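Enquirer: So that we are looking at the same thing, I have put the structure below in structure tokens.
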Amino acid sequence: MKISVLGSTGSIGTQTLEVVEHLGDVEVLALTAHSNIDLLEQQITRFKPRLAVVYEQTGALELKKRVDSGVEVLSGLDGLVAAAALASADMVVNALVGNVGLLPTVAAINARKNVALANKEVLACAGELIMPMAKATGVQILPIDSEHSAIFQCLAGNEGNEIERIYLTASGGPFRGYTPERLAHVTVADALNHPNWDMGRKITIDSATMMNKGLEVMEARWLFDVDPRCISVLVHPQSIIHSMVEFTDGQILAQLGAADMRLPIQHVLTHPRRMTSSFARLDFARHNTLTFEQPDYETFPCLRLAYDALAAGGLIPAILNAANETAVEMFLAEKIPFNQISVIIDRTISAYTGSGAVDINNIMQADSFARRTARDYAATM
Ligand code: NDP
Ligand code: MG
């Protein structure tokens, strides 16, 4: 199999390359980074792709000097789109973060490449557009996100059977059990300290606000074509059950495993086969307790905002996503306190009076509006 890896220098990207090394018979045709050219250069030496993309132009120029002339080096969104549509690739692993992954995903679908998708923001903003596009072209969207991989695995063999409920499990993040008062004083370092998963900075903050679970509700709604009212979030601090599906006969299937993203990554790369892996195994002697709690929607308003945005539909999910991306960036830059992230998102959604079909142009316009508006609100805080 031949793949392109978008976002190869990130948490999911590097773990994808570990799985590729483990599997041995996967060829890597394209690798992309935002600006980390040192790591990208090492990956190029190891995997010998045809194409490397550095989003930032100065980084692309520098990388060009460092690698041999057999590797084409491109930059910007055009570069990502070229990597996504590369002629001889069978699959595109989208491990980008944020809405920047939308156009590359569309390009991959139009070029008839199956998409292994970690980049959940794309489905949150544009699932309504992407899923029918994939269906029409016969492209598979294979989920890497652990919860969606779990649901995908529970649904295998149950084609045609109606889903009554999806239980999307959530670790609860580093601030589970906190009061709103306590949340007002948390620092960036506190928020980056996730109890169970080691991930990129943006998703780690999303896990702390629980917007990550909100985005995952949206992702599940489109991936599995279920009514959002049939998706329940269940806090499960041990992160052993990655999600569950209840069918109309009342039976529930769950998927369990160690908290190691290389497992769902390998699953999409070898699908529909399962291959041996040497990754982490679940030890029931050590993990002998599974507990479940209801989410605290008062302390973590982002989760409710995500359900509301999904119910409102149209371009509101794109507004929510872009406002969240902006607010998270500003929190990471220590420009706003943690508990203002949800306030900025809420205000940005309220300020939006636009409407229109869910198409690429309108999504991009909504995205720009939300980023501008969220930044303006933050400046007044
Ligand atoms: P990281 O921040 O670790 O990596 C992001 C990757 O995308 C890097 O290669 C980065 O390049 C590149 N990138 C970032 N911004 C841009 C941009 N504007 N243009 C082009 N390239 C860009 O993120 P993660 O790997 O943690 O997450 C990737 C996606 O997977 C997210 O949507 C996340 O929600 C999802 N996910 C992640 C999980 C995890 O365990 N990490 C689990 C489940 C889902 P550079 O290194 O140069 O900055
Ligand atoms: Mg997840």
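Each chain in the structure tokens gets a letter, A, B and so on, in the order shown; residues start at 1 in every chain, and ligands are counted from 1 in the order they appear.
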If we count only C-alpha atoms and set the cut-off at 7 Å, which residues sit around segment 98-111 of chain A, ignoring sequence neighbours fewer than 2 positions away in its own chain? Please answer as a ChimeraX atom specification.
Expert: /A:80-81,84-85,92,96,113,119,121-122,134,139
Enquirer: Would you export the selected residues with N, CA and C atoms as a CSV table (one decimal), in the first residue's frame, please?
Expert:
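Written output follows (out-v5.csv):
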chain,number,residue,atom,x,y,z
A,80,LEU,N,-0.3,21.1,0.5
A,80,LEU,CA,-1.1,20.1,1.2
A,80,LEU,C,-2.1,19.4,0.2
A,81,VAL,N,-2.7,20.2,-0.6
A,81,VAL,CA,-3.7,19.6,-1.6
A,81,VAL,C,-3.0,18.7,-2.6
A,84,ALA,N,-2.3,15.5,-0.9
A,84,ALA,CA,-3.5,14.7,-0.7
A,84,ALA,C,-4.0,14.0,-1.9
A,85,ALA,N,-3.6,14.6,-3.1
A,85,ALA,CA,-4.1,14.1,-4.3
A,85,ALA,C,-3.1,13.4,-5.2
A,92,VAL,N,-4.8,8.5,2.1
A,92,VAL,CA,-4.2,9.7,2.7
A,92,VAL,C,-4.5,9.6,4.2
A,96,LEU,N,-3.6,16.3,10.2
A,96,LEU,CA,-3.5,17.7,10.4
A,96,LEU,C,-4.3,18.1,11.6
A,113,LYS,N,-9.0,8.8,-3.2
A,113,LYS,CA,-8.1,8.1,-2.2
A,113,LYS,C,-9.0,7.9,-0.9
A,119,ASN,N,-8.0,14.1,11.9
A,119,ASN,CA,-8.4,15.5,11.8
A,119,ASN,C,-9.9,15.8,12.0
A,121,GLU,N,-11.7,18.1,13.3
A,121,GLU,CA,-12.3,19.4,13.0
A,121,GLU,C,-12.9,19.4,11.6
A,122,VAL,N,-12.4,18.7,10.7
A,122,VAL,CA,-12.9,18.6,9.3
A,122,VAL,C,-14.4,18.1,9.3
A,134,ALA,N,-17.9,11.5,-0.1
A,134,ALA,CA,-17.2,10.3,0.0
A,134,ALA,C,-18.0,9.1,-0.6
A,139,VAL,N,-15.3,6.5,-1.8
A,139,VAL,CA,-14.1,6.7,-0.9
A,139,VAL,C,-14.5,6.3,0.5
Enquirer: Can you list, as a PyMOL selection string, all residues belonging to segment 19-165 of chain A that DSSP tags as strand (DSSP E)?
Expert: chain A and resi 27-33+51-54+72-75+91-94+114-117+141-143+163-165
Enquirer: Any chance you could export the current selection's N, CA, C and O atoms as an mmCIF file, in the first residue's frame?
Expert:
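See result_9.cif below for the written result:
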data_model
loop_
_atom_site.group_PDB
_atom_site.id
_atom_site.type_symbol
_atom_site.label_atom_id
_atom_site.label_comp_id
_atom_site.auth_asym_id
_atom_site.auth_seq_id
_atom_site.Cartn_x
_atom_site.Cartn_y
_atom_site.Cartn_z
ATOM 1 N N GLU A 27 4.407 1.931 1.692
ATOM 2 C CA GLU A 27 5.317 2.916 1.116
ATOM 3 C C GLU A 27 4.772 4.321 1.391
ATOM 4 O O GLU A 27 3.570 4.562 1.219
ATOM 5 N N VAL A 28 5.655 5.226 1.807
ATOM 6 C CA VAL A 28 5.217 6.594 2.117
ATOM 7 C C VAL A 28 5.595 7.508 0.949
ATOM 8 O O VAL A 28 6.774 7.660 0.631
ATOM 9 N N LEU A 29 4.585 8.102 0.321
ATOM 10 C CA LEU A 29 4.851 8.916 -0.877
ATOM 11 C C LEU A 29 4.977 10.402 -0.575
ATOM 12 O O LEU A 29 5.635 11.132 -1.295
ATOM 13 N N ALA A 30 4.297 10.855 0.487
ATOM 14 C CA ALA A 30 4.340 12.285 0.800
ATOM 15 C C ALA A 30 4.275 12.491 2.309
ATOM 16 O O ALA A 30 3.586 11.737 3.014
ATOM 17 N N LEU A 31 5.022 13.498 2.764
ATOM 18 C CA LEU A 31 5.022 13.867 4.186
ATOM 19 C C LEU A 31 4.825 15.373 4.273
ATOM 20 O O LEU A 31 5.341 16.104 3.418
ATOM 21 N N THR A 32 4.094 15.829 5.303
ATOM 22 C CA THR A 32 3.905 17.280 5.422
ATOM 23 C C THR A 32 4.031 17.749 6.864
ATOM 24 O O THR A 32 3.709 17.014 7.801
ATOM 25 N N ALA A 33 4.534 19.008 6.989
ATOM 26 C CA ALA A 33 4.637 19.650 8.315
ATOM 27 C C ALA A 33 4.163 21.089 8.197
ATOM 28 O O ALA A 33 4.035 21.620 7.084
ATOM 29 N N LEU A 51 7.418 13.519 -2.252
ATOM 30 C CA LEU A 51 6.975 14.909 -2.041
ATOM 31 C C LEU A 51 7.020 15.249 -0.553
ATOM 32 O O LEU A 51 6.602 14.445 0.278
ATOM 33 N N ALA A 52 7.534 16.440 -0.251
ATOM 34 C CA ALA A 52 7.495 16.944 1.124
ATOM 35 C C ALA A 52 6.877 18.336 1.078
ATOM 36 O O ALA A 52 7.172 19.117 0.166
ATOM 37 N N VAL A 53 6.018 18.614 2.041
ATOM 38 C CA VAL A 53 5.361 19.919 2.074
ATOM 39 C C VAL A 53 5.609 20.571 3.428
ATOM 40 O O VAL A 53 5.441 19.937 4.468
ATOM 41 N N VAL A 54 6.054 21.823 3.367
ATOM 42 C CA VAL A 54 6.155 22.623 4.595
ATOM 43 C C VAL A 54 5.192 23.788 4.399
ATOM 44 O O VAL A 54 5.335 24.566 3.446
ATOM 45 N N GLU A 72 10.545 16.432 -4.211
ATOM 46 C CA GLU A 72 9.924 17.716 -4.516
ATOM 47 C C GLU A 72 9.488 18.368 -3.209
ATOM 48 O O GLU A 72 8.946 17.686 -2.328
ATOM 49 N N VAL A 73 9.744 19.672 -3.063
ATOM 50 C CA VAL A 73 9.325 20.366 -1.844
ATOM 51 C C VAL A 73 8.341 21.476 -2.213
ATOM 52 O O VAL A 73 8.650 22.333 -3.040
ATOM 53 N N LEU A 74 7.160 21.423 -1.607
ATOM 54 C CA LEU A 74 6.144 22.441 -1.869
ATOM 55 C C LEU A 74 5.754 23.120 -0.564
ATOM 56 O O LEU A 74 6.116 22.643 0.520
ATOM 57 N N SER A 75 4.973 24.207 -0.677
ATOM 58 C CA SER A 75 4.534 24.894 0.543
ATOM 59 C C SER A 75 3.053 25.264 0.447
ATOM 60 O O SER A 75 2.431 25.112 -0.607
ATOM 61 N N MET A 91 -4.012 5.750 -0.095
ATOM 62 C CA MET A 91 -4.669 6.261 1.106
ATOM 63 C C MET A 91 -3.976 7.547 1.588
ATOM 64 O O MET A 91 -2.756 7.670 1.475
ATOM 65 N N VAL A 92 -4.784 8.456 2.107
ATOM 66 C CA VAL A 92 -4.244 9.671 2.708
ATOM 67 C C VAL A 92 -4.516 9.612 4.208
ATOM 68 O O VAL A 92 -5.668 9.441 4.615
ATOM 69 N N VAL A 93 -3.467 9.704 5.003
ATOM 70 C CA VAL A 93 -3.655 9.805 6.452
ATOM 71 C C VAL A 93 -3.707 11.294 6.769
ATOM 72 O O VAL A 93 -2.722 12.011 6.561
ATOM 73 N N ASN A 94 -4.855 11.765 7.223
ATOM 74 C CA ASN A 94 -4.976 13.181 7.566
ATOM 75 C C ASN A 94 -4.784 13.331 9.066
ATOM 76 O O ASN A 94 -5.707 13.111 9.852
ATOM 77 N N ASN A 114 -8.805 6.707 -0.324
ATOM 78 C CA ASN A 114 -9.409 6.493 0.987
ATOM 79 C C ASN A 114 -8.706 7.407 1.989
ATOM 80 O O ASN A 114 -7.509 7.683 1.865
ATOM 81 N N VAL A 115 -9.489 7.872 2.973
ATOM 82 C CA VAL A 115 -8.927 8.826 3.929
ATOM 83 C C VAL A 115 -8.951 8.217 5.324
ATOM 84 O O VAL A 115 -10.013 7.849 5.837
ATOM 85 N N ALA A 116 -7.778 8.097 5.928
ATOM 86 C CA ALA A 116 -7.679 7.712 7.337
ATOM 87 C C ALA A 116 -7.667 9.027 8.107
ATOM 88 O O ALA A 116 -6.722 9.808 8.004
ATOM 89 N N LEU A 117 -8.730 9.269 8.846
ATOM 90 C CA LEU A 117 -8.942 10.618 9.373
ATOM 91 C C LEU A 117 -8.754 10.712 10.883
ATOM 92 O O LEU A 117 -9.492 10.098 11.653
ATOM 93 N N ILE A 141 -14.004 6.748 4.507
ATOM 94 C CA ILE A 141 -13.428 7.619 5.529
ATOM 95 C C ILE A 141 -13.246 6.717 6.754
ATOM 96 O O ILE A 141 -14.225 6.289 7.375
ATOM 97 N N LEU A 142 -12.009 6.423 7.079
ATOM 98 C CA LEU A 142 -11.719 5.474 8.163
ATOM 99 C C LEU A 142 -11.239 6.243 9.389
ATOM 100 O O LEU A 142 -10.254 6.987 9.322
ATOM 101 N N PRO A 143 -11.948 6.086 10.506
ATOM 102 C CA PRO A 143 -11.618 6.915 11.668
ATOM 103 C C PRO A 143 -10.389 6.439 12.451
ATOM 104 O O PRO A 143 -10.255 5.246 12.729
ATOM 105 N N ILE A 163 -28.861 1.440 14.985
ATOM 106 C CA ILE A 163 -28.191 1.831 16.241
ATOM 107 C C ILE A 163 -29.224 2.547 17.122
ATOM 108 O O ILE A 163 -29.913 3.462 16.656
ATOM 109 N N GLU A 164 -29.342 2.127 18.368
ATOM 110 C CA GLU A 164 -30.250 2.861 19.272
ATOM 111 C C GLU A 164 -29.489 3.999 19.965
ATOM 112 O O GLU A 164 -29.999 5.084 20.138
ATOM 113 N N ARG A 165 -28.260 3.703 20.374
ATOM 114 C CA ARG A 165 -27.483 4.725 21.080
ATOM 115 C C ARG A 165 -25.992 4.466 20.925
ATOM 116 O O ARG A 165 -25.559 3.307 20.900
#
Enquirer: May I ask for the distance between atom 24 (P, counted along the ligand's line) of ligand 1 and atom CA of Pro264 of chain A, given in Å to one decimal place?
Expert: 14.0 Å
Enquirer: Which is closest to ligand 2 among A:Phe224, A:Tyr352, A:Phe47, A:Trp197, if we use only C-alpha atoms and all ligand atoms?
Expert: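 Comparing A:Phe224, A:Tyr352, A:Phe47, A:Trp197 against ligand 2, the winner is A:Trp197.
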Enquirer: Compile a residue-level contact table for chain A against ligand 2 at a cut-off of 9 Å, reporting for every qualifying residue the shortest atom pair and its distance in Å to one decimal, with only C-alpha atoms and all ligand atoms counted, rows ordered by chain and ascending number, as CSV.
Expert:
residue,atom,partner,partner_atom_place_in_ligand_line,distance
A:Ala118,CA,ligand 2,1 (Mg),8.8
A:Lys120,CA,ligand 2,1 (Mg),8.8
A:Ile144,CA,ligand 2,1 (Mg),8.4
A:Asp145,CA,ligand 2,1 (Mg),4.6
A:Ser146,CA,ligand 2,1 (Mg),4.9
A:Glu147,CA,ligand 2,1 (Mg),5.2
A:His148,CA,ligand 2,1 (Mg),7.3
A:Ser149,CA,ligand 2,1 (Mg),9.0
A:Thr169,CA,ligand 2,1 (Mg),8.7
A:Ala170,CA,ligand 2,1 (Mg),7.9
A:Ile203,CA,ligand 2,1 (Mg),8.9
A:Ser207,CA,ligand 2,1 (Mg),8.8
A:Asn212,CA,ligand 2,1 (Mg),7.2
A:Lys213,CA,ligand 2,1 (Mg),7.2
A:Glu216,CA,ligand 2,1 (Mg),6.7
A:His242,CA,ligand 2,1 (Mg),8.3
Enquirer: For segment 320-323 of chain A, find every residue with an atom within 6 Å (counting only C-alpha atoms), except residues of its own chain fewer than 6 positions away, and show them as a PDB file with all heavy atoms, in the first residue's frame.
Expert:
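Contents of the output file result30.pdb:
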ATOM      1  N   ILE A 345     -16.487  31.397  22.556  1.00  0.00           N
ATOM      2  CA  ILE A 345     -17.183  30.587  21.542  1.00  0.00           C
ATOM      3  C   ILE A 345     -18.673  30.935  21.534  1.00  0.00           C
ATOM      4  O   ILE A 345     -19.274  31.162  20.478  1.00  0.00           O
ATOM      5  CB  ILE A 345     -16.981  29.077  21.821  1.00  0.00           C
ATOM      6  CG1 ILE A 345     -15.498  28.721  21.765  1.00  0.00           C
ATOM      7  CG2 ILE A 345     -17.777  28.228  20.821  1.00  0.00           C
ATOM      8  CD1 ILE A 345     -15.169  27.355  22.350  1.00  0.00           C
ATOM      9  N   ASP A 367     -15.765  30.552   8.771  1.00  0.00           N
ATOM     10  CA  ASP A 367     -14.529  30.334   9.522  1.00  0.00           C
ATOM     11  C   ASP A 367     -13.786  31.661   9.736  1.00  0.00           C
ATOM     12  O   ASP A 367     -13.379  31.982  10.862  1.00  0.00           O
ATOM     13  CB  ASP A 367     -13.660  29.333   8.737  1.00  0.00           C
ATOM     14  CG  ASP A 367     -12.394  28.949   9.467  1.00  0.00           C
ATOM     15  OD1 ASP A 367     -11.415  29.735   9.458  1.00  0.00           O
ATOM     16  OD2 ASP A 367     -12.376  27.861  10.064  1.00  0.00           O
ATOM     17  N   ALA A 370     -15.636  33.897  12.192  1.00  0.00           N
ATOM     18  CA  ALA A 370     -15.532  33.434  13.587  1.00  0.00           C
ATOM     19  C   ALA A 370     -14.154  33.748  14.169  1.00  0.00           C
ATOM     20  O   ALA A 370     -14.036  34.147  15.326  1.00  0.00           O
ATOM     21  CB  ALA A 370     -15.820  31.940  13.654  1.00  0.00           C
ATOM     22  N   ARG A 371     -13.099  33.571  13.371  1.00  0.00           N
ATOM     23  CA  ARG A 371     -11.746  33.865  13.889  1.00  0.00           C
ATOM     24  C   ARG A 371     -11.613  35.350  14.230  1.00  0.00           C
ATOM     25  O   ARG A 371     -11.100  35.714  15.282  1.00  0.00           O
ATOM     26  CB  ARG A 371     -10.674  33.447  12.868  1.00  0.00           C
ATOM     27  CG  ARG A 371     -10.479  31.944  12.869  1.00  0.00           C
ATOM     28  CD  ARG A 371      -9.559  31.462  11.768  1.00  0.00           C
ATOM     29  NE  ARG A 371      -9.911  30.081  11.472  1.00  0.00           N
ATOM     30  CZ  ARG A 371      -9.334  29.003  12.030  1.00  0.00           C
ATOM     31  NH1 ARG A 371      -8.335  29.152  12.867  1.00  0.00           N
ATOM     32  NH2 ARG A 371      -9.758  27.804  11.743  1.00  0.00           N
ATOM     33  N   ALA A 374     -13.917  36.181  17.300  1.00  0.00           N
ATOM     34  CA  ALA A 374     -13.381  35.611  18.546  1.00  0.00           C
ATOM     35  C   ALA A 374     -12.176  36.435  19.014  1.00  0.00           C
ATOM     36  O   ALA A 374     -12.035  36.724  20.212  1.00  0.00           O
ATOM     37  CB  ALA A 374     -12.985  34.156  18.317  1.00  0.00           C
TER      38      ALA A 374
END
